[in-house]
>>> print(open('my_file_17.pdb').read())   # PDB, C-alpha atoms and all ligand atoms
ATOM      1  CA  MET A   1       0.000   0.000   0.000
ATOM      2  CA  ASN A   2       1.401   3.416  -0.903
ATOM      3  CA  ARG A   3       0.803   6.679   0.964
ATOM      4  CA  GLN A   4      -1.927   7.800  -1.420
ATOM      5  CA  GLN A   5      -3.886   4.596  -0.826
ATOM      6  CA  ILE A   6      -3.271   4.881   2.927
ATOM      7  CA  ASP A   7      -4.508   8.475   3.014
ATOM      8  CA  ALA A   8      -7.618   7.490   1.039
ATOM      9  CA  LEU A   9      -8.286   4.661   3.480
ATOM     10  CA  VAL A  10      -7.805   6.869   6.564
ATOM     11  CA  LYS A  11     -10.136   9.463   5.039
ATOM     12  CA  LYS A  12     -12.777   6.844   4.263
ATOM     13  CA  MET A  13     -12.664   5.437   7.797
ATOM     14  CA  ASN A  14     -12.263   8.559   9.921
ATOM     15  CA  VAL A  15     -13.399  11.574   7.891
ATOM     16  CA  ASP A  16     -16.186  10.389   5.564
ATOM     17  CA  THR A  17     -17.837   8.591   8.498
ATOM     18  CA  ALA A  18     -18.466  11.821  10.466
ATOM     19  CA  THR A  19     -22.146  12.315  11.251
ATOM     20  CA  GLY A  20     -21.730  14.807  14.114
ATOM     21  CA  GLU A  21     -19.915  18.088  14.626
ATOM     22  CA  VAL A  22     -16.212  17.845  13.762
ATOM     23  CA  ASP A  23     -13.364  19.413  15.691
ATOM     24  CA  ALA A  24     -11.288  20.361  12.660
ATOM     25  CA  ARG A  25      -8.022  20.606  14.564
ATOM     26  CA  VAL A  26      -8.404  17.196  16.197
ATOM     27  CA  GLN A  27      -9.436  15.697  12.860
ATOM     28  CA  GLU A  28      -6.426  17.196  11.106
ATOM     29  CA  ILE A  29      -4.025  15.805  13.713
ATOM     30  CA  VAL A  30      -5.628  12.351  13.935
ATOM     31  CA  VAL A  31      -5.712  11.927  10.154
ATOM     32  CA  ARG A  32      -2.058  12.898   9.850
ATOM     33  CA  LEU A  33      -0.845  10.717  12.724
ATOM     34  CA  LEU A  34      -2.864   7.692  11.530
ATOM     35  CA  GLY A  35      -1.500   8.094   8.018
ATOM     36  CA  ASP A  36       2.048   8.275   9.388
ATOM     37  CA  LEU A  37       1.436   5.223  11.589
ATOM     38  CA  PHE A  38      -0.089   3.133   8.775
ATOM     39  CA  GLU A  39       2.840   4.073   6.568
ATOM     40  CA  ALA A  40       5.334   3.075   9.270
ATOM     41  CA  ILE A  41       3.525  -0.260   9.715
ATOM     42  CA  VAL A  42       3.932  -0.936   6.004
ATOM     43  CA  ASP A  43       7.544   0.270   5.777
ATOM     44  CA  LEU A  44       8.734  -1.591   8.869
ATOM     45  CA  ASN A  45       6.542  -4.641   8.337
ATOM     46  CA  ILE A  46       5.138  -4.233  11.867
ATOM     47  CA  THR A  47       3.296  -7.415  12.874
ATOM     48  CA  GLN A  48      -0.037  -7.669  14.697
ATOM     49  CA  THR A  49       1.807  -8.915  17.774
ATOM     50  CA  GLU A  50       4.170  -5.933  17.660
ATOM     51  CA  LEU A  51       1.230  -3.552  17.255
ATOM     52  CA  TRP A  52      -0.459  -5.010  20.331
ATOM     53  CA  LYS A  53       2.754  -4.943  22.373
ATOM     54  CA  GLY A  54       2.924  -1.244  21.566
ATOM     55  CA  MET A  55      -0.701  -0.645  22.556
ATOM     56  CA  GLU A  56      -0.211  -2.590  25.784
ATOM     57  CA  TYR A  57       2.863  -0.461  26.481
ATOM     58  CA  ILE A  58       0.819   2.736  26.160
ATOM     59  CA  ALA A  59      -1.807   1.291  28.521
ATOM     60  CA  ASP A  60       0.894   0.349  31.051
ATOM     61  CA  LEU A  61       2.458   3.797  30.750
ATOM     62  CA  GLY A  62      -0.831   5.485  31.629
ATOM     63  CA  GLN A  63      -1.565   3.081  34.461
ATOM     64  CA  ALA A  64       1.878   3.760  35.973
ATOM     65  CA  ASN A  65       1.309   7.524  35.545
ATOM     66  CA  GLU A  66       4.549   7.754  33.566
ATOM     67  CA  VAL A  67       3.413   9.515  30.394
ATOM     68  CA  GLY A  68       5.087  12.679  31.671
ATOM     69  CA  LEU A  69       8.338  10.749  32.201
ATOM     70  CA  LEU A  70       8.504   9.130  28.793
ATOM     71  CA  VAL A  71       7.857  12.395  26.904
ATOM     72  CA  PRO A  72      11.094  14.038  28.128
ATOM     73  CA  GLY A  73      12.879  10.680  28.039
ATOM     74  CA  LEU A  74      12.305  10.319  24.304
ATOM     75  CA  GLY A  75      13.407  13.912  23.719
ATOM     76  CA  LEU A  76       9.930  15.133  22.766
ATOM     77  CA  GLU A  77       9.801  17.812  25.465
ATOM     78  CA  HIS A  78      13.240  19.174  24.518
ATOM     79  CA  PHE A  79      12.277  19.052  20.845
ATOM     80  CA  MET A  80       9.262  21.269  21.611
ATOM     81  CA  ASP A  81      11.617  23.704  23.394
ATOM     82  CA  LEU A  82      13.849  23.868  20.318
ATOM     83  CA  LEU A  83      10.783  24.604  18.160
ATOM     84  CA  GLU A  84       9.681  27.347  20.576
ATOM     85  CA  ASP A  85      13.175  28.867  20.416
ATOM     86  CA  ALA A  86      12.915  28.971  16.617
ATOM     87  CA  LYS A  87       9.411  30.498  16.775
ATOM     88  CA  ASP A  88      10.691  33.170  19.165
ATOM     89  CA  GLU A  89      13.503  33.997  16.788
ATOM     90  CA  GLN A  90      11.067  34.274  13.871
ATOM     91  CA  ALA A  91       8.663  36.428  15.875
ATOM     92  CA  GLY A  92      11.505  38.789  16.780
ATOM     93  CA  VAL A  93      11.391  38.139  20.530
ATOM     94  CA  GLU A  94      14.121  40.186  22.183
ATOM     95  CA  LYS A  95      17.449  38.397  22.619
ATOM     96  CA  GLY A  96      19.295  37.763  25.851
ATOM     97  CA  GLY A  97      16.611  36.056  27.899
ATOM     98  CA  THR A  98      17.473  33.117  30.138
ATOM     99  CA  PRO A  99      17.105  29.938  28.061
ATOM    100  CA  ARG A 100      14.019  27.836  28.577
ATOM    101  CA  THR A 101      14.193  24.159  29.308
ATOM    102  CA  ILE A 102      11.822  21.308  30.108
ATOM    103  CA  GLU A 103       9.282  21.461  32.919
ATOM    104  CA  GLY A 104       9.362  17.701  33.538
ATOM    105  CA  PRO A 105       6.515  15.828  35.222
ATOM    106  CA  LEU A 106       7.127  16.657  38.882
ATOM    107  CA  TYR A 107       5.764  20.177  39.513
ATOM    108  CA  VAL A 108       3.097  20.508  42.198
ATOM    109  CA  ALA A 109       0.920  23.633  42.443
ATOM    110  CA  GLY A 110       0.165  25.287  45.759
ATOM    111  CA  ALA A 111       3.594  25.558  47.422
ATOM    112  CA  PRO A 112       4.005  27.969  50.381
ATOM    113  CA  GLU A 113       4.621  31.583  49.356
ATOM    114  CA  SER A 114       6.919  34.232  50.802
ATOM    115  CA  VAL A 115       8.697  37.445  49.790
ATOM    116  CA  GLY A 116      12.469  37.591  49.289
ATOM    117  CA  PHE A 117      13.459  34.480  51.206
ATOM    118  CA  ALA A 118      12.283  30.951  51.942
ATOM    119  CA  ARG A 119      13.654  27.899  53.605
ATOM    120  CA  MET A 120      12.616  25.042  51.327
ATOM    121  CA  ASP A 121      13.605  21.931  53.292
ATOM    122  CA  ASP A 122      11.829  20.576  56.369
ATOM    123  CA  GLY A 123      15.075  19.723  58.176
ATOM    124  CA  ALA A 124      14.757  15.953  57.749
ATOM    125  CA  GLU A 125      18.067  15.774  55.871
ATOM    126  CA  SER A 126      19.956  18.520  57.720
ATOM    127  CA  ASP A 127      22.526  16.118  59.152
ATOM    128  CA  SER A 128      23.078  13.927  56.094
ATOM    129  CA  VAL A 129      22.979  16.359  53.158
ATOM    130  CA  ASP A 130      24.856  19.614  52.455
ATOM    131  CA  THR A 131      22.978  22.836  53.024
ATOM    132  CA  LEU A 132      22.536  24.860  49.829
ATOM    133  CA  ILE A 133      21.911  28.579  49.543
ATOM    134  CA  ILE A 134      20.529  29.703  46.189
ATOM    135  CA  GLU A 135      20.180  33.371  45.380
ATOM    136  CA  GLY A 136      19.835  35.687  42.439
ATOM    137  CA  VAL A 137      17.981  38.550  40.831
ATOM    138  CA  VAL A 138      15.254  38.727  38.229
ATOM    139  CA  THR A 139      15.758  41.434  35.596
ATOM    140  CA  ASP A 140      14.716  42.277  32.061
ATOM    141  CA  VAL A 141      17.213  41.614  29.253
ATOM    142  CA  ASP A 142      18.748  45.060  29.843
ATOM    143  CA  GLY A 143      19.411  44.346  33.506
ATOM    144  CA  ASN A 144      16.583  46.418  34.992
ATOM    145  CA  ILE A 145      15.410  44.709  38.187
ATOM    146  CA  ILE A 146      11.926  43.227  38.413
ATOM    147  CA  PRO A 147      10.492  43.364  41.944
ATOM    148  CA  ASN A 148       7.526  41.138  42.847
ATOM    149  CA  ALA A 149       8.374  38.503  40.231
ATOM    150  CA  LYS A 150       6.982  35.110  41.179
ATOM    151  CA  VAL A 151       9.805  32.571  41.479
ATOM    152  CA  GLU A 152       8.507  29.004  41.803
ATOM    153  CA  MET A 153      11.184  26.453  42.660
ATOM    154  CA  TRP A 154      11.162  22.691  43.101
ATOM    155  CA  HIS A 155      13.853  20.038  43.373
ATOM    156  CA  ALA A 156      14.710  16.551  44.592
ATOM    157  CA  ASN A 157      16.050  15.545  47.989
ATOM    158  CA  GLY A 158      19.348  13.813  48.728
ATOM    159  CA  LYS A 159      17.958  10.565  47.364
ATOM    160  CA  GLY A 160      16.823  12.076  44.078
ATOM    161  CA  ASN A 161      13.128  11.977  45.063
ATOM    162  CA  TYR A 162      10.470  14.693  44.880
ATOM    163  CA  SER A 163       7.929  15.382  47.631
ATOM    164  CA  PHE A 164       4.274  14.577  46.793
ATOM    165  CA  PHE A 165       5.394  11.768  44.468
ATOM    166  CA  ASP A 166       7.588  10.399  47.301
ATOM    167  CA  LYS A 167       5.099  10.043  50.156
ATOM    168  CA  SER A 168       7.898   9.614  52.726
ATOM    169  CA  GLN A 169       8.553  13.387  52.499
ATOM    170  CA  SER A 170       6.475  16.115  54.155
ATOM    171  CA  ASP A 171       3.999  18.121  52.062
ATOM    172  CA  PHE A 172       5.725  20.692  49.829
ATOM    173  CA  ASN A 173       9.182  19.723  51.052
ATOM    174  CA  LEU A 174      11.692  21.365  48.647
ATOM    175  CA  ARG A 175       8.918  23.316  46.888
ATOM    176  CA  ARG A 176       8.470  27.062  47.394
ATOM    177  CA  THR A 177       7.167  30.213  45.740
ATOM    178  CA  ILE A 178       9.308  33.274  46.468
ATOM    179  CA  TYR A 179       8.340  36.756  45.243
ATOM    180  CA  THR A 180      11.376  38.928  44.492
ATOM    181  CA  ASP A 181      11.914  41.801  46.931
ATOM    182  CA  GLU A 182      12.242  45.506  46.096
ATOM    183  CA  ASN A 183      15.734  44.797  44.703
ATOM    184  CA  GLY A 184      14.479  42.053  42.406
ATOM    185  CA  SER A 185      16.192  39.447  44.612
ATOM    186  CA  TYR A 186      15.190  35.999  45.775
ATOM    187  CA  LYS A 187      17.028  33.726  48.179
ATOM    188  CA  ALA A 188      16.397  30.139  49.246
ATOM    189  CA  GLN A 189      17.939  27.986  51.930
ATOM    190  CA  THR A 190      17.623  24.318  51.076
ATOM    191  CA  THR A 191      19.525  21.039  50.758
ATOM    192  CA  MET A 192      21.650  19.797  47.864
ATOM    193  CA  PRO A 193      19.548  17.882  45.353
ATOM    194  CA  VAL A 194      20.716  14.586  43.933
ATOM    195  CA  GLY A 195      19.949  13.707  40.315
ATOM    196  CA  TYR A 196      16.698  11.952  39.578
ATOM    197  CA  GLY A 197      16.478   8.446  38.167
ATOM    198  CA  CYS A 198      13.434   6.892  36.486
ATOM    199  CA  PRO A 199      11.645   4.278  38.612
ATOM    200  CA  PRO A 200      13.786   1.220  37.789
ATOM    201  CA  ASN A 201      10.840  -1.144  37.371
ATOM    202  CA  GLY A 202       8.534   1.224  35.502
ATOM    203  CA  PRO A 203       7.561   1.254  31.822
ATOM    204  CA  THR A 204       9.717   4.309  31.009
ATOM    205  CA  GLN A 205      12.901   2.603  32.161
ATOM    206  CA  ALA A 206      11.777  -0.616  30.441
ATOM    207  CA  LEU A 207      11.689   1.127  27.054
ATOM    208  CA  LEU A 208      14.903   3.057  27.706
ATOM    209  CA  THR A 209      16.589  -0.262  28.496
ATOM    210  CA  LEU A 210      15.419  -1.700  25.175
ATOM    211  CA  LEU A 211      17.009   1.353  23.555
ATOM    212  CA  GLY A 212      20.235   0.724  25.483
ATOM    213  CA  ARG A 213      19.729   3.989  27.400
ATOM    214  CA  HIS A 214      19.952   4.981  31.064
ATOM    215  CA  GLY A 215      17.208   6.977  32.806
ATOM    216  CA  GLN A 216      19.294   9.355  34.936
ATOM    217  CA  ARG A 217      19.266  13.127  35.267
ATOM    218  CA  PRO A 218      22.000  15.338  36.726
ATOM    219  CA  SER A 219      21.380  17.266  39.954
ATOM    220  CA  HIS A 220      19.077  20.192  39.109
ATOM    221  CA  VAL A 221      16.564  22.757  40.395
ATOM    222  CA  HIS A 222      13.390  23.678  38.477
ATOM    223  CA  TYR A 223      11.890  27.139  38.079
ATOM    224  CA  PHE A 224       8.812  28.915  36.796
ATOM    225  CA  ILE A 225       9.329  32.691  36.704
ATOM    226  CA  THR A 226       6.252  34.874  36.206
ATOM    227  CA  ALA A 227       6.064  38.675  36.197
ATOM    228  CA  ASP A 228       3.557  41.207  34.843
ATOM    229  CA  GLY A 229       4.491  42.361  31.365
ATOM    230  CA  TYR A 230       7.001  39.537  30.812
ATOM    231  CA  ARG A 231       6.796  36.085  29.317
ATOM    232  CA  LYS A 232       6.580  33.172  31.728
ATOM    233  CA  LEU A 233       9.896  31.336  31.875
ATOM    234  CA  THR A 234      10.105  27.583  32.470
ATOM    235  CA  THR A 235      13.658  26.537  33.182
ATOM    236  CA  GLN A 236      16.106  24.801  35.515
ATOM    237  CA  PHE A 237      19.755  24.917  36.427
ATOM    238  CA  ASN A 238      21.949  21.856  36.339
ATOM    239  CA  ILE A 239      24.892  21.544  38.673
ATOM    240  CA  GLU A 240      28.492  21.328  37.444
ATOM    241  CA  GLY A 241      30.375  18.185  38.449
ATOM    242  CA  ASP A 242      27.479  15.762  38.162
ATOM    243  CA  LYS A 243      28.362  12.693  36.131
ATOM    244  CA  TYR A 244      25.174  13.046  34.096
ATOM    245  CA  LEU A 245      25.477  16.800  33.448
ATOM    246  CA  TRP A 246      25.724  16.376  29.672
ATOM    247  CA  GLU A 247      24.162  12.924  29.596
ATOM    248  CA  ASP A 248      20.761  13.888  30.960
ATOM    249  CA  PHE A 249      18.248  11.261  29.819
ATOM    250  CA  ALA A 250      15.629  14.043  29.584
ATOM    251  CA  PHE A 251      17.864  16.428  27.562
ATOM    252  CA  GLY A 252      17.195  19.320  29.971
ATOM    253  CA  THR A 253      20.791  20.560  30.314
ATOM    254  CA  ARG A 254      21.540  23.587  28.122
ATOM    255  CA  GLU A 255      24.333  26.134  27.687
ATOM    256  CA  GLY A 256      23.590  29.019  30.027
ATOM    257  CA  LEU A 257      21.853  26.789  32.573
ATOM    258  CA  VAL A 258      24.899  25.173  34.190
ATOM    259  CA  VAL A 259      25.913  26.460  37.609
ATOM    260  CA  THR A 260      28.693  25.755  40.082
ATOM    261  CA  ALA A 261      27.887  24.993  43.707
ATOM    262  CA  VAL A 262      30.672  26.836  45.565
ATOM    263  CA  ASP A 263      31.817  25.514  48.954
ATOM    264  CA  VAL A 264      31.616  28.202  51.628
ATOM    265  CA  THR A 265      33.670  27.528  54.760
ATOM    266  CA  ASP A 266      34.218  31.112  55.943
ATOM    267  CA  GLU A 267      32.888  31.442  59.522
ATOM    268  CA  ALA A 268      31.593  34.977  59.011
ATOM    269  CA  GLN A 269      29.563  33.885  55.984
ATOM    270  CA  ILE A 270      28.252  30.827  57.794
ATOM    271  CA  LYS A 271      27.089  33.094  60.667
ATOM    272  CA  ALA A 272      25.660  35.681  58.273
ATOM    273  CA  ASN A 273      23.379  32.954  56.890
ATOM    274  CA  ASN A 274      22.371  31.762  60.376
ATOM    275  CA  LEU A 275      24.010  28.390  59.725
ATOM    276  CA  ASN A 276      26.300  26.293  61.886
ATOM    277  CA  LYS A 277      28.242  24.359  59.243
ATOM    278  CA  PRO A 278      29.895  24.992  55.863
ATOM    279  CA  PHE A 279      27.423  25.194  52.997
ATOM    280  CA  LYS A 280      27.210  25.275  49.224
ATOM    281  CA  HIS A 281      26.244  28.417  47.371
ATOM    282  CA  ILE A 282      24.703  28.842  43.933
ATOM    283  CA  ARG A 283      23.956  32.118  42.232
ATOM    284  CA  PHE A 284      21.348  31.989  39.502
ATOM    285  CA  ASP A 285      19.932  35.150  37.929
ATOM    286  CA  PHE A 286      17.101  35.390  35.440
ATOM    287  CA  LYS A 287      16.577  37.631  32.457
ATOM    288  CA  LEU A 288      12.959  37.792  31.310
ATOM    289  CA  THR A 289      11.793  38.810  27.850
ATOM    290  CA  ARG A 290       9.028  41.382  27.461
ATOM    291  CA  ASP A 291       5.600  40.189  26.488
ATOM    292  CA  THR A 292       4.509  41.805  23.221
ATOM    293  CA  GLN A 293       1.579  41.473  20.813
ATOM    294  CA  THR A 294       3.593  39.259  18.478
ATOM    295  CA  ALA A 295       5.575  37.181  21.004
ATOM    296  CA  PRO A 296       4.464  33.531  21.057
ATOM    297  CA  SER A 297       2.801  32.525  24.315
ATOM    298  CA  THR A 298       4.968  30.570  26.741
ATOM    299  CA  GLU A 299       2.025  29.281  28.788
ATOM    300  CA  VAL A 300       1.626  25.525  28.546
ATOM    301  CA  ASP A 301      -1.741  24.057  29.495
ATOM    302  CA  ARG A 302      -1.101  20.585  30.855
ATOM    303  CA  ARG A 303      -2.348  18.487  33.768
ATOM    304  CA  ARG A 304      -0.379  19.334  36.889
ATOM    305  CA  ALA A 305      -0.556  17.969  40.421
ATOM    306  CA  GLN A 306      -2.194  20.151  43.067
ATOM    307  CA  GLY A 307      -0.743  19.710  46.558
TER     308      GLY A 307
HETATM  309  C1  LIG B 401      11.872  13.651  34.600
HETATM  310  C2  LIG B 401      12.222  13.861  35.924
HETATM  311  C3  LIG B 401      12.650  15.090  36.321
HETATM  312  O1  LIG B 401      13.032  15.388  37.581
HETATM  313  C4  LIG B 401      12.719  16.084  35.408
HETATM  314  O2  LIG B 401      13.146  17.260  35.826
HETATM  315  C5  LIG B 401      12.381  15.860  34.095
HETATM  316  C6  LIG B 401      11.961  14.630  33.702
HETATM  317  C7  LIG B 401      11.387  12.348  34.150
HETATM  318  O3  LIG B 401      11.280  11.449  34.977
HETATM  319  O4  LIG B 401      11.104  12.206  32.955
HETATM  320 FE    FE B 402      13.435  17.311  37.946
END
>>> encode(input="my_file_17.pdb", output="structure tokens", more="lines below")
Ligand code: DHB
Ligand code: FE
Amino acid sequence: MNRQQIDALVKKMNVDTATGEVDARVQEIVVRLLGDLFEAIVDLNITQTELWKGMEYIADLGQANEVGLLVPGLGLEHFMDLLEDAKDEQAGVEKGGTPRTIEGPLYVAGAPESVGFARMDDGAESDSVDTLIIEGVVTDVDGNIIPNAKVEMWHANGKGNYSFFDKSQSDFNLRRTIYTDENGSYKAQTTMPVGYGCPPNGPTQALLTLLGRHGQRPSHVHYFITADGYRKLTTQFNIEGDKYLWEDFAFGTREGLVVTAVDVTDEAQIKANNLNKPFKHIRFDFKLTRDTQTAPSTEVDRRRAQG
């Protein structure tokens, strides 16, 4: 069967059969994807058994709630970011903004809010994991400070697990919303994250294994930055020195998003941060691009957990 015959068949089965109101956009996408799938089945000589293994895989993926893991794992989420970058360029979005990168599947809405500063950890790991101070400013691309910007942050604990999904952690552990102060600054006291690994017995890792791939991410911290008049930024920083820094299974690491966690042992600085042991320090500033009539929207409507 050639593509013309396939397209005619898809049309006969899924377009000509419409008796109710048609969502033209859904129809357009379904017809295209079915045509591509039928063509791939022909080209690759996909058997009925293989087709059903694939369908069963999708069912398992949904049942394990891992759709959001596989999408970044296959590079689809990063691919969408690259497309958005190209659209921005075409639309003439101002240059110099902090690069975007993947949201991932582990955001939870409703984290505690504060202005200027927050402690993100609940103290459960204080003795076993390094303390981390993260601070920075939010500005426009010209360096003008943006007070009252909403800085949402979330990251893993010292075992690479995220609260809410890991029920052994307290609610909203390592998740905070900090509004920048009058100087455009935010500061967080937290614990050093360890890179995330896909659940080893889940369907995402099962497919990655068949592809000869690992399912590990480097140590990282996620952000949403929102401010009136600017485009929402979805990004993260990834920490220098992690074995997986440039081998992230989710392809989230990008130039401009790599930071160094600096060891601070100076007693005066330890005291100034109300700490009693050496800590690690990361500076991460944000440059937001102005929202204009022609700038593509950066809002993504997707199902997110509510804590
Ligand atoms: C995945 C996990 C993350 O922590 C992340 O930031 C992105 C993706 C994942 O499991 O796919
Ligand atoms: Fe993550």
>>> closest_residue(input="my_file_17.pdb", among="A:Trp154, A:Trp246, A:Tyr179, A:Phe279", to="ligand LIG 401 (chain B)", atoms="all atoms listed in the file")
A:Trp154
>>> closest_residue(input="my_file_17.pdb", among="A:Ala295, A:Leu44, A:Ala64, A:Leu82", to="Tyr230 (chain A)", atoms="only C-alpha atoms")
A:Ala295
>>> resolve_selection(input="my_file_17.pdb", expression="the PyMOL selection byres (((not hetatm)) within 12 of (chain B and resi 402))", output="ChimeraX atom specification")
/A:68-69,72-73,101-108,153-157,160-163,165,174-175,193-198,216-223,235-238,248-253
>>> resolve_selection(input="my_file_17.pdb", expression="the PyMOL selection byres (((chain A and resi 292) around 9) and not hetatm)", output="count of residues only")
10
>>> axis_aligned_box(input="my_file_17.pdb", around="ligand LIG 401 (chain B)", padding_each_side="5 Å", output="JSON")
{"center_x": 12.1, "center_y": 14.4, "center_z": 35.3, "size_x": 12.0, "size_y": 15.8, "size_z": 14.6}
>>> closest_residue(input="my_file_17.pdb", among="A:Arg304, A:Asp130, A:Gly75, A:Val115", to="ligand LIG 401 (chain B)", atoms="all atoms listed in the file")
A:Gly75
